[in-house]
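Structure file input15.cif; described as mmCIF, C-alpha atoms and all ligand atoms.
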data_work
#
loop_
_atom_site.label_atom_id
_atom_site.label_comp_id
_atom_site.auth_asym_id
_atom_site.auth_seq_id
_atom_site.Cartn_x
_atom_site.Cartn_y
_atom_site.Cartn_z
CA MET G 27 -36.85 -93.90 44.59
CA GLY G 28 -38.39 -90.52 43.76
CA THR G 29 -37.47 -88.51 40.70
CA THR G 30 -34.68 -86.65 42.47
CA ILE G 31 -32.32 -89.10 44.11
CA LYS G 32 -31.82 -88.27 47.79
CA ILE G 33 -28.34 -88.85 49.12
CA GLY G 34 -27.24 -88.87 52.75
CA TRP G 35 -23.49 -88.22 53.01
CA ILE G 36 -21.31 -88.81 56.07
CA GLY G 37 -17.72 -87.52 56.21
CA LEU G 38 -16.64 -84.08 54.99
CA GLY G 39 -12.87 -84.40 55.14
CA ASN G 40 -10.38 -83.61 52.38
CA MET G 41 -12.16 -86.02 50.03
CA GLY G 42 -15.79 -85.94 51.16
CA ASN G 43 -16.11 -82.18 50.80
CA PRO G 44 -15.30 -81.91 47.06
CA MET G 45 -17.19 -85.15 46.32
CA VAL G 46 -20.38 -83.74 47.83
CA LYS G 47 -19.94 -80.57 45.76
CA ASN G 48 -19.85 -82.66 42.58
CA LEU G 49 -23.01 -84.55 43.53
CA VAL G 50 -24.77 -81.25 44.21
CA LYS G 51 -23.53 -79.94 40.84
CA ALA G 52 -24.96 -83.06 39.16
CA GLY G 53 -28.40 -82.24 40.58
CA PHE G 54 -28.74 -84.75 43.42
CA ASP G 55 -30.45 -83.85 46.68
CA LEU G 56 -27.84 -83.91 49.45
CA THR G 57 -28.13 -84.06 53.24
CA VAL G 58 -24.81 -84.28 55.08
CA PHE G 59 -23.56 -85.23 58.51
CA ASN G 60 -20.07 -84.66 59.87
CA ARG G 61 -18.82 -85.44 63.39
CA ASN G 62 -17.40 -81.93 63.64
CA PRO G 63 -20.51 -79.87 62.75
CA GLU G 64 -18.46 -76.84 61.70
CA LYS G 65 -17.51 -78.57 58.41
CA SER G 66 -21.20 -79.15 57.57
CA ILE G 67 -22.02 -75.51 58.29
CA VAL G 68 -19.20 -74.26 56.05
CA LEU G 69 -20.34 -76.56 53.22
CA LYS G 70 -23.97 -75.47 53.61
CA GLU G 71 -22.92 -71.87 53.13
CA SER G 72 -21.45 -72.62 49.69
CA THR G 73 -23.89 -75.27 48.37
CA ALA G 74 -27.48 -76.37 48.58
CA VAL G 75 -26.90 -79.15 51.13
CA LYS G 76 -29.07 -79.78 54.17
CA ILE G 77 -27.55 -80.79 57.51
CA ALA G 78 -28.57 -83.85 59.55
CA SER G 79 -28.14 -83.98 63.32
CA SER G 80 -26.68 -87.52 63.31
CA ALA G 81 -25.86 -90.46 61.05
CA ALA G 82 -29.11 -92.13 62.16
CA ALA G 83 -31.10 -89.06 61.11
CA LEU G 84 -30.09 -89.69 57.48
CA VAL G 85 -31.94 -93.01 57.31
CA ALA G 86 -35.45 -91.60 56.82
CA GLY G 87 -35.87 -90.53 53.22
CA SER G 88 -32.42 -91.37 51.83
CA ASP G 89 -32.16 -93.42 48.62
CA PHE G 90 -28.42 -93.79 49.22
CA ILE G 91 -26.20 -93.26 52.25
CA PHE G 92 -22.57 -92.62 51.42
CA THR G 93 -19.66 -92.71 53.87
CA MET G 94 -16.21 -91.19 53.31
CA LEU G 95 -14.42 -91.62 56.64
CA SER G 96 -10.88 -92.01 57.95
CA ASP G 97 -10.70 -95.67 58.84
CA ASP G 98 -12.36 -98.89 60.02
CA ALA G 99 -13.04 -97.56 63.53
CA ALA G 100 -14.80 -94.45 62.19
CA LEU G 101 -16.92 -96.51 59.80
CA LYS G 102 -17.94 -98.95 62.55
CA GLU G 103 -18.88 -96.08 64.82
CA VAL G 104 -21.01 -94.49 62.12
CA TYR G 105 -22.86 -97.78 61.52
CA PHE G 106 -22.97 -99.37 64.98
CA GLY G 107 -22.62 -96.37 67.36
CA PRO G 108 -25.46 -95.10 69.58
CA ALA G 109 -26.54 -92.51 66.96
CA GLY G 110 -25.30 -94.68 64.10
CA ILE G 111 -27.08 -95.67 60.91
CA LEU G 112 -28.25 -99.05 62.15
CA SER G 113 -29.55 -97.61 65.44
CA SER G 114 -32.39 -95.95 63.54
CA ALA G 115 -35.85 -97.49 63.92
CA GLU G 116 -36.92 -95.98 60.58
CA ASP G 117 -37.52 -98.12 57.47
CA LYS G 118 -34.22 -98.60 55.70
CA ASN G 119 -34.89 -98.16 52.00
CA PHE G 120 -31.43 -96.98 51.00
CA ILE G 121 -28.38 -98.48 49.33
CA ALA G 122 -25.24 -98.08 51.46
CA VAL G 123 -22.05 -97.01 49.68
CA ASP G 124 -18.77 -96.74 51.53
CA MET G 125 -15.99 -94.94 49.69
CA SER G 126 -13.42 -94.91 52.54
CA THR G 127 -10.30 -97.04 52.42
CA VAL G 128 -10.98 -99.77 54.99
CA SER G 129 -10.31 -103.48 55.37
CA PRO G 130 -12.27 -106.14 53.47
CA GLU G 131 -13.11 -107.70 56.88
CA THR G 132 -14.82 -104.55 58.15
CA THR G 133 -16.73 -104.28 54.89
CA LYS G 134 -17.98 -107.86 55.25
CA ILE G 135 -19.08 -107.25 58.87
CA ILE G 136 -20.99 -104.07 57.99
CA ALA G 137 -22.40 -105.49 54.74
CA GLY G 138 -23.68 -108.50 56.75
CA ALA G 139 -25.36 -106.26 59.33
CA CYS G 140 -26.88 -104.16 56.53
CA LYS G 141 -28.22 -107.28 54.83
CA GLU G 142 -30.01 -108.28 58.05
CA ASN G 143 -31.72 -104.86 57.80
CA GLY G 144 -32.62 -105.38 54.13
CA VAL G 145 -29.95 -102.93 52.94
CA ASP G 146 -27.60 -103.55 50.00
CA TYR G 147 -24.03 -102.47 50.67
CA LEU G 148 -21.28 -101.52 48.24
CA ASP G 149 -17.63 -101.02 49.15
CA ALA G 150 -16.50 -98.40 46.64
CA PRO G 151 -13.11 -96.95 47.58
CA VAL G 152 -11.42 -94.52 45.26
CA SER G 153 -8.08 -94.00 43.63
CA GLY G 154 -7.12 -90.33 43.21
CA SER G 155 -6.55 -87.58 45.73
CA VAL G 156 -8.13 -84.17 46.35
CA LYS G 157 -7.59 -82.74 42.83
CA PRO G 158 -9.21 -85.72 41.03
CA ALA G 159 -11.99 -85.57 43.65
CA GLU G 160 -12.56 -81.88 42.78
CA ASP G 161 -12.46 -82.63 39.05
CA ALA G 162 -14.75 -85.70 39.31
CA GLN G 163 -11.90 -87.82 37.95
CA LEU G 164 -11.73 -90.48 40.66
CA ILE G 165 -11.32 -94.15 39.81
CA ILE G 166 -13.91 -96.11 41.74
CA MET G 167 -13.49 -99.82 42.51
CA VAL G 168 -16.53 -101.65 43.76
CA GLY G 169 -17.46 -104.79 45.67
CA GLY G 170 -21.07 -105.94 46.07
CA GLU G 171 -24.14 -107.05 44.15
CA GLU G 172 -24.58 -106.16 40.48
CA LYS G 173 -28.15 -104.84 40.98
CA ALA G 174 -27.13 -102.33 43.66
CA TYR G 175 -24.03 -101.37 41.67
CA GLN G 176 -26.11 -100.57 38.57
CA LYS G 177 -28.35 -98.29 40.63
CA ALA G 178 -25.28 -96.45 41.96
CA VAL G 179 -23.61 -96.00 38.56
CA PRO G 180 -25.18 -92.57 37.82
CA LEU G 181 -23.84 -91.32 41.16
CA PHE G 182 -20.41 -92.79 40.55
CA SER G 183 -20.41 -91.04 37.16
CA ALA G 184 -20.78 -87.70 38.95
CA LEU G 185 -17.77 -88.48 41.14
CA GLY G 186 -15.28 -90.24 38.94
CA LYS G 187 -14.02 -91.05 35.47
CA SER G 188 -14.64 -94.77 35.90
CA SER G 189 -16.30 -97.29 38.17
CA THR G 190 -15.71 -101.03 38.02
CA LEU G 191 -17.56 -103.82 39.79
CA LEU G 192 -14.85 -106.32 40.77
CA GLY G 193 -16.73 -109.01 42.72
CA PRO G 194 -18.40 -109.55 46.11
CA ASN G 195 -18.10 -107.21 49.13
CA GLY G 196 -14.48 -106.58 50.03
CA SER G 197 -13.24 -106.75 46.42
CA GLY G 198 -13.13 -102.97 46.09
CA ASN G 199 -11.15 -102.70 49.33
CA THR G 200 -8.63 -105.32 48.22
CA ALA G 201 -7.98 -103.55 44.91
CA LYS G 202 -7.61 -100.23 46.74
CA LEU G 203 -5.08 -101.61 49.21
CA ALA G 204 -3.04 -103.03 46.30
CA ILE G 205 -3.02 -99.62 44.61
CA ASN G 206 -1.98 -97.83 47.79
CA LEU G 207 0.81 -100.32 48.35
CA PHE G 208 2.14 -99.28 44.95
CA LEU G 209 1.48 -95.62 45.74
CA GLY G 210 3.50 -95.81 48.96
CA ILE G 211 6.35 -97.67 47.30
CA THR G 212 6.47 -95.03 44.54
CA ALA G 213 6.43 -92.16 47.06
CA GLN G 214 9.25 -93.64 49.12
CA GLY G 215 11.21 -94.42 45.95
CA LEU G 216 10.86 -90.82 44.79
CA ALA G 217 11.94 -89.53 48.20
CA GLU G 218 15.01 -91.78 48.25
CA ALA G 219 16.06 -90.73 44.72
CA VAL G 220 15.76 -87.02 45.61
CA LEU G 221 17.74 -87.50 48.82
CA PHE G 222 20.49 -89.47 47.05
CA ALA G 223 20.82 -86.79 44.37
CA GLY G 224 20.85 -84.03 46.99
CA LYS G 225 23.64 -85.73 48.92
CA ASN G 226 25.71 -85.65 45.75
CA GLY G 227 25.10 -82.06 44.72
CA ILE G 228 21.99 -82.29 42.52
CA ALA G 229 19.14 -80.21 43.90
CA ALA G 230 15.54 -81.45 43.93
CA GLU G 231 14.54 -78.67 41.52
CA GLN G 232 17.16 -79.95 39.06
CA LEU G 233 16.33 -83.64 39.40
CA LEU G 234 12.53 -83.61 39.46
CA PRO G 235 11.99 -82.10 35.96
CA LEU G 236 14.27 -84.85 34.60
CA ILE G 237 12.29 -87.55 36.39
CA ASN G 238 9.02 -86.04 35.19
CA ALA G 239 10.16 -85.88 31.55
CA GLY G 240 11.30 -89.50 31.45
CA ALA G 241 9.92 -93.02 31.63
CA VAL G 242 9.88 -93.10 35.46
CA GLY G 243 7.90 -89.86 35.67
CA SER G 244 4.22 -90.28 36.53
CA ALA G 245 1.16 -88.31 37.58
CA LEU G 246 2.33 -88.87 41.16
CA THR G 247 5.89 -87.61 40.66
CA LYS G 248 4.50 -84.54 38.89
CA LEU G 249 1.90 -83.95 41.60
CA LYS G 250 4.47 -84.13 44.41
CA THR G 251 7.22 -82.07 42.72
CA ASP G 252 5.94 -78.76 44.05
CA ASN G 253 5.60 -80.19 47.58
CA ILE G 254 9.19 -81.43 47.60
CA VAL G 255 10.76 -78.35 46.00
CA ASN G 256 8.89 -75.91 48.24
CA ASP G 257 8.94 -77.95 51.44
CA ASN G 258 5.14 -77.81 51.41
CA PHE G 259 3.68 -80.80 53.21
CA LYS G 260 0.09 -79.66 53.75
CA ALA G 261 -1.91 -82.90 53.56
CA ALA G 262 -3.80 -83.81 50.42
CA PHE G 263 -3.49 -87.42 51.56
CA ALA G 264 -2.28 -87.59 55.15
CA LEU G 265 0.72 -89.79 55.86
CA LYS G 266 -1.15 -91.42 58.77
CA LEU G 267 -3.82 -92.61 56.31
CA LEU G 268 -1.23 -94.22 54.04
CA ALA G 269 0.33 -95.86 57.13
CA LYS G 270 -3.16 -97.18 57.97
CA ASP G 271 -3.54 -98.64 54.46
CA ILE G 272 -0.18 -100.45 54.59
CA ARG G 273 -1.18 -101.79 58.03
CA LEU G 274 -4.41 -103.12 56.46
CA ALA G 275 -2.49 -104.64 53.54
CA THR G 276 -0.13 -106.32 56.04
CA ALA G 277 -3.10 -107.70 57.98
CA ASN G 278 -4.36 -109.10 54.68
CA GLY G 279 -1.18 -111.02 53.87
CA MET G 280 1.16 -108.43 52.33
CA ASN G 281 4.55 -109.89 53.14
CA THR G 282 6.88 -108.71 50.37
CA PRO G 283 10.21 -106.94 50.97
CA ILE G 284 9.58 -103.41 49.70
CA GLY G 285 6.09 -103.31 51.17
CA LYS G 286 7.39 -104.43 54.57
CA THR G 287 10.09 -101.74 54.51
CA LEU G 288 7.52 -99.15 53.50
CA GLY G 289 5.31 -100.19 56.43
CA SER G 290 8.10 -99.68 58.96
CA THR G 291 9.15 -96.34 57.41
CA LEU G 292 5.62 -95.00 57.62
CA GLU G 293 5.06 -96.21 61.19
CA ALA G 294 8.31 -94.52 62.25
CA ALA G 295 7.34 -91.31 60.43
CA VAL G 296 3.98 -91.28 62.25
CA GLU G 297 5.80 -91.82 65.54
CA GLU G 298 7.99 -88.80 64.74
CA GLY G 299 4.85 -86.68 64.47
CA LEU G 300 4.51 -86.51 60.66
CA GLY G 301 1.14 -88.27 60.48
CA GLU G 302 -0.95 -85.16 59.79
CA GLU G 303 1.35 -84.00 56.97
CA ASP G 304 1.08 -85.15 53.36
CA MET G 305 2.30 -88.67 52.60
CA ILE G 306 5.28 -87.24 50.68
CA ALA G 307 6.55 -85.94 54.06
CA VAL G 308 8.13 -89.39 54.14
CA ILE G 309 11.08 -87.49 52.63
CA LYS G 310 11.37 -85.41 55.83
CA TYR G 311 11.56 -88.57 57.90
CA LEU G 312 14.16 -90.19 55.61
CA LYS G 313 16.29 -87.04 55.65
P1 LIG G 401 -9.86 -86.77 56.38
O1 LIG G 401 -9.69 -85.48 55.70
O2 LIG G 401 -9.00 -87.12 57.55
O3 LIG G 401 -11.41 -86.89 56.82
C1 LIG G 401 -11.85 -87.96 57.61
C2 LIG G 401 -13.34 -87.86 57.88
O4 LIG G 401 -13.71 -88.95 58.77
C3 LIG G 401 -13.77 -86.56 58.57
O5 LIG G 401 -15.05 -86.20 58.10
C4 LIG G 401 -13.85 -87.00 60.04
O6 LIG G 401 -14.72 -86.23 60.82
C5 LIG G 401 -14.42 -88.39 59.88
N1 LIG G 401 -14.23 -89.23 61.08
C6 LIG G 401 -13.06 -89.68 61.57
N2 LIG G 401 -13.29 -90.44 62.67
C7 LIG G 401 -14.64 -90.44 62.87
C8 LIG G 401 -15.50 -91.05 63.82
N3 LIG G 401 -15.01 -91.82 64.80
N4 LIG G 401 -16.83 -90.85 63.70
C9 LIG G 401 -17.33 -90.09 62.69
N5 LIG G 401 -16.56 -89.48 61.75
C10 LIG G 401 -15.24 -89.67 61.84
O7 LIG G 401 -9.70 -87.99 55.37
P2 LIG G 401 -9.78 -87.96 53.76
O8 LIG G 401 -8.46 -87.57 53.22
O9 LIG G 401 -11.02 -87.26 53.35
O10 LIG G 401 -9.94 -89.54 53.48
C11 LIG G 401 -11.15 -90.23 53.69
C12 LIG G 401 -10.94 -91.68 53.28
O11 LIG G 401 -10.58 -91.73 51.90
C13 LIG G 401 -9.81 -92.40 54.04
O12 LIG G 401 -10.18 -93.74 54.27
C14 LIG G 401 -8.64 -92.30 53.09
O13 LIG G 401 -7.72 -93.35 53.30
C15 LIG G 401 -9.34 -92.39 51.75
N6 LIG G 401 -8.65 -91.72 50.62
C16 LIG G 401 -8.07 -90.51 50.79
C17 LIG G 401 -7.44 -89.92 49.70
C18 LIG G 401 -6.76 -88.58 49.83
O14 LIG G 401 -5.94 -88.26 48.95
N7 LIG G 401 -7.02 -87.79 50.85
C19 LIG G 401 -7.44 -90.54 48.45
C20 LIG G 401 -8.10 -91.76 48.31
C21 LIG G 401 -8.72 -92.34 49.41
P3 LIG G 401 -14.18 -84.91 61.62
O15 LIG G 401 -14.21 -83.80 60.61
O16 LIG G 401 -15.16 -84.75 62.71
O17 LIG G 401 -12.78 -85.23 62.09
#

Just dump the structure as structure tokens.
Amino acid sequence: MGTTIKIGWIGLGNMGNPMVKNLVKAGFDLTVFNRNPEKSIVLKESTAVKIASSAAALVAGSDFIFTMLSDDAALKEVYFGPAGILSSAEDKNFIAVDMSTVSPETTKIIAGACKENGVDYLDAPVSGSVKPAEDAQLIIMVGGEEKAYQKAVPLFSALGKSSTLLGPNGSGNTAKLAINLFLGITAQGLAEAVLFAGKNGIAAEQLLPLINAGAVGSALTKLKTDNIVNDNFKAAFALKLLAKDIRLATANGMNTPIGKTLGSTLEAAVEEGLGEEDMIAVIKYLK
């Protein structure tokens, strides 16, 4: 690696965009690729990033290639697609870091293919939404080899408040799915409490400050108070992505009562057209 670490970054959605800004702020050399080129152009206008023409074009010269994409299908396309990372004939001297929430199985498939190309792969999903991403306060949970993890630590430090190596590839994904199971259960619980109170004459703006001041209040209940009170469901974390995570948890053996109920609530909410709204729009569905 040269003196300035060169990072290729793929995925400039709600999370990828502020994460790239923090890496630029920390002094790393960034080249980005996004499927919809408009997002790369907008980012270039406000930062010092360069734009690549494809995922494959990031291979030459990158010390790290990061991905922050919607789901398993997107990640597979970016690695195995016709202009994907592994289609490049260039020498592959980078460490691959995926920060998306995907299944441990997909991680193992991609990590295996990377290994055949001499590339170390880390699954490094994050806990924390857009605001912690902007504030470099994400919690990063990692699966992979210790040596590659240690090399990535300075980059993780620019993105989050902690990073933890949990075990082999897939371990980060498993921890992330467990956290999002709890996240979804908490969100649905909050929605149900607000709806019950409302039905009996206590408005959301009366109830939520009480919840937030007490033992059941949390960063999440505080974060979602404004959304609920003002009927503002602009996605920080899209409901369809939470539905995807509970689907992945189910495919990995989640079979407990509240989790199963949560899964069917979210699938029904997506079917009703709420998938692009914030996950707390579950309250709209339950209403
Ligand atoms: P997002 O805003 O929906 O962005 C998704 C990104 O994936 C976009 O850059 C999109 O490109 C790209 N993409 C989707 N399908 C693709 C494909 N087939 N080929 C290439 N690129 C593709 O999602 P996000 O909120 O940033 O979340 C990203 C990941 O982080 C997800 O796995 C999510 O579960 C996880 N996560 C999100 C949050 C949160 O609060 N938002 C928190 C923690 C973890 P286009 O711009 O071209 O559509």

Can you measure CA of Lys266 (chain G) to CA of Gln163 (chain G) for me? One decimal in Å is fine.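 Between CA of Lys266 (chain G) and CA of Gln163 (chain G) the gap works out to 23.7 Å.
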
To test the calculation: enclose all listed atoms of ligand LIG 401 (chain G) in a box whose edges run along x, y and z, add 6 Å on each side, then state centre and edge lengths in Å to one decimal, as JSON.
{"center_x": -11.6, "center_y": -88.8, "center_z": 56.6, "size_x": 23.4, "size_y": 21.9, "size_z": 28.5}

Hey, can you check how far CA of Val128 (chain G) sits from CA of Ala275 (chain G)?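 Atom-to-atom, CA of Val128 (chain G) and CA of Ala275 (chain G) are spaced 9.9 Å apart.
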
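If you look at CA of Leu267 (chain G) and atom O10 of ligand LIG 401 (chain G), they are 7.4 Å away from each other.
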
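Of the residues under consideration (G:Ile205, G:Leu164, G:Leu236, G:Val123), G:Val123 shows the shortest atom-to-atom contact distance to Ala137 (chain G) when counting all atoms listed in the file.
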
To check your reading of the model: which residues sit at most 6 Å from ligand LIG 401 (chain G) when counting only C-alpha atoms and all ligand atoms? Write the answer as a short mmCIF file (atom, residue, chain, number, x, y, z; two decimals) with C-alpha atoms, in the frame of the given file.
data_model
loop_
_atom_site.label_atom_id
_atom_site.label_comp_id
_atom_site.auth_asym_id
_atom_site.auth_seq_id
_atom_site.Cartn_x
_atom_site.Cartn_y
_atom_site.Cartn_z
CA GLY G 37 -17.72 -87.52 56.21
CA LEU G 38 -16.64 -84.08 54.99
CA GLY G 39 -12.87 -84.40 55.14
CA ASN G 40 -10.38 -83.61 52.38
CA MET G 41 -12.16 -86.02 50.03
CA GLY G 42 -15.79 -85.94 51.16
CA ASN G 60 -20.07 -84.66 59.87
CA ARG G 61 -18.82 -85.44 63.39
CA ASN G 62 -17.40 -81.93 63.64
CA MET G 94 -16.21 -91.19 53.31
CA LEU G 95 -14.42 -91.62 56.64
CA SER G 96 -10.88 -92.01 57.95
CA ASP G 97 -10.70 -95.67 58.84
CA ALA G 100 -14.80 -94.45 62.19
CA GLU G 103 -18.88 -96.08 64.82
CA VAL G 104 -21.01 -94.49 62.12
CA SER G 126 -13.42 -94.91 52.54
CA THR G 127 -10.30 -97.04 52.42
CA VAL G 152 -11.42 -94.52 45.26
CA SER G 153 -8.08 -94.00 43.63
CA GLY G 154 -7.12 -90.33 43.21
CA SER G 155 -6.55 -87.58 45.73
CA VAL G 156 -8.13 -84.17 46.35
CA ALA G 262 -3.80 -83.81 50.42
CA PHE G 263 -3.49 -87.42 51.56
CA LEU G 267 -3.82 -92.61 56.31
#

Using all atoms listed in the file, which of the listed residues (G:Ser129, G:Thr93, G:Asn43, G:Asn143) sits closest to Glu116 (chain G)?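 Going through G:Ser129, G:Thr93, G:Asn43, G:Asn143 one by one, the smallest distance to Glu116 (chain G) is for G:Asn143.
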
Looking at all atoms listed in the file, which of G:Leu191, G:Ala213, G:Ile111, G:Ala219 is the one that sits closest to Ser79 (chain G)? G:Ile111

Can you tell me which residues surround Thr276 (chain G) at a distance of at most 9 Å, considering only C-alpha atoms, apart from same-chain residues fewer than 5 positions away, and format the answer as JSON, numbers by chain? {"G": [271, 281, 285, 286, 289]}

Using only C-alpha atoms, which residues sit within 12 Å of Ile211 (chain G) once same-chain residues fewer than 4 positions away are excluded, as a PDB file with C-alpha atoms, in the frame of the given file?
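To be explicit, this is the file written out as part-v5.pdb:
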ATOM      1  CA  ALA G 204      -3.040-103.030  46.300  1.00  0.00           C
ATOM      2  CA  ILE G 205      -3.020 -99.620  44.610  1.00  0.00           C
ATOM      3  CA  ASN G 206      -1.980 -97.830  47.790  1.00  0.00           C
ATOM      4  CA  LEU G 207       0.810-100.320  48.350  1.00  0.00           C
ATOM      5  CA  GLY G 215      11.210 -94.420  45.950  1.00  0.00           C
ATOM      6  CA  LEU G 216      10.860 -90.820  44.790  1.00  0.00           C
ATOM      7  CA  ALA G 217      11.940 -89.530  48.200  1.00  0.00           C
ATOM      8  CA  GLU G 218      15.010 -91.780  48.250  1.00  0.00           C
ATOM      9  CA  LEU G 246       2.330 -88.870  41.160  1.00  0.00           C
ATOM     10  CA  LEU G 268      -1.230 -94.220  54.040  1.00  0.00           C
ATOM     11  CA  ALA G 269       0.330 -95.860  57.130  1.00  0.00           C
ATOM     12  CA  ILE G 272      -0.180-100.450  54.590  1.00  0.00           C
ATOM     13  CA  THR G 282       6.880-108.710  50.370  1.00  0.00           C
ATOM     14  CA  PRO G 283      10.210-106.940  50.970  1.00  0.00           C
ATOM     15  CA  ILE G 284       9.580-103.410  49.700  1.00  0.00           C
ATOM     16  CA  GLY G 285       6.090-103.310  51.170  1.00  0.00           C
ATOM     17  CA  LYS G 286       7.390-104.430  54.570  1.00  0.00           C
ATOM     18  CA  THR G 287      10.090-101.740  54.510  1.00  0.00           C
ATOM     19  CA  LEU G 288       7.520 -99.150  53.500  1.00  0.00           C
ATOM     20  CA  GLY G 289       5.310-100.190  56.430  1.00  0.00           C
ATOM     21  CA  SER G 290       8.100 -99.680  58.960  1.00  0.00           C
ATOM     22  CA  THR G 291       9.150 -96.340  57.410  1.00  0.00           C
ATOM     23  CA  LEU G 292       5.620 -95.000  57.620  1.00  0.00           C
ATOM     24  CA  MET G 305       2.300 -88.670  52.600  1.00  0.00           C
ATOM     25  CA  ILE G 306       5.280 -87.240  50.680  1.00  0.00           C
ATOM     26  CA  VAL G 308       8.130 -89.390  54.140  1.00  0.00           C
TER      27      VAL G 308
END

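Distances to Lys225 (chain G) were evaluated for G:Lys177, G:Lys202, G:Lys248, G:Lys313 using only C-alpha atoms, and the minimum falls at G:Lys313.
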
Between G:Ser244, G:Ser188, G:Thr73, G:Asn258, single out the one closest to Lys310 (chain G), counting all atoms listed in the file.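 For Lys310 (chain G), the nearest of the given residues is G:Asn258.
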
Within 9 Å of Ala82 (chain G), counting all atoms listed in the file, which residues qualify if same-chain residues fewer than 5 places away don't, as a PyMOL selection string? chain G and resi 104-105+108-116

G:Leu84, G:Ile121, G:Leu185, G:Ile77 ranked by distance to Met45 (chain G), top pick (using all atoms listed in the file):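 Closest to Met45 (chain G) of all the choices is G:Leu185.
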
Do you know which residues are at most 10 Å from Ala178 (chain G) counting only C-alpha atoms, after dropping those on the same chain fewer than 3 positions away, and could you put them as a list in words? Phe90, Ile121, Ala122, Val123, Leu148, Glu172, Lys173, Ala174, Tyr175, Leu181, Phe182, Ser183 and Ser189 of chain G

Contact residues around Leu49 (chain G) with only C-alpha atoms at 9 Å, ignoring same-chain residues under 4 positions, as number ranges by chain: G: 33, 44-45, 53-56, 181, 184-185
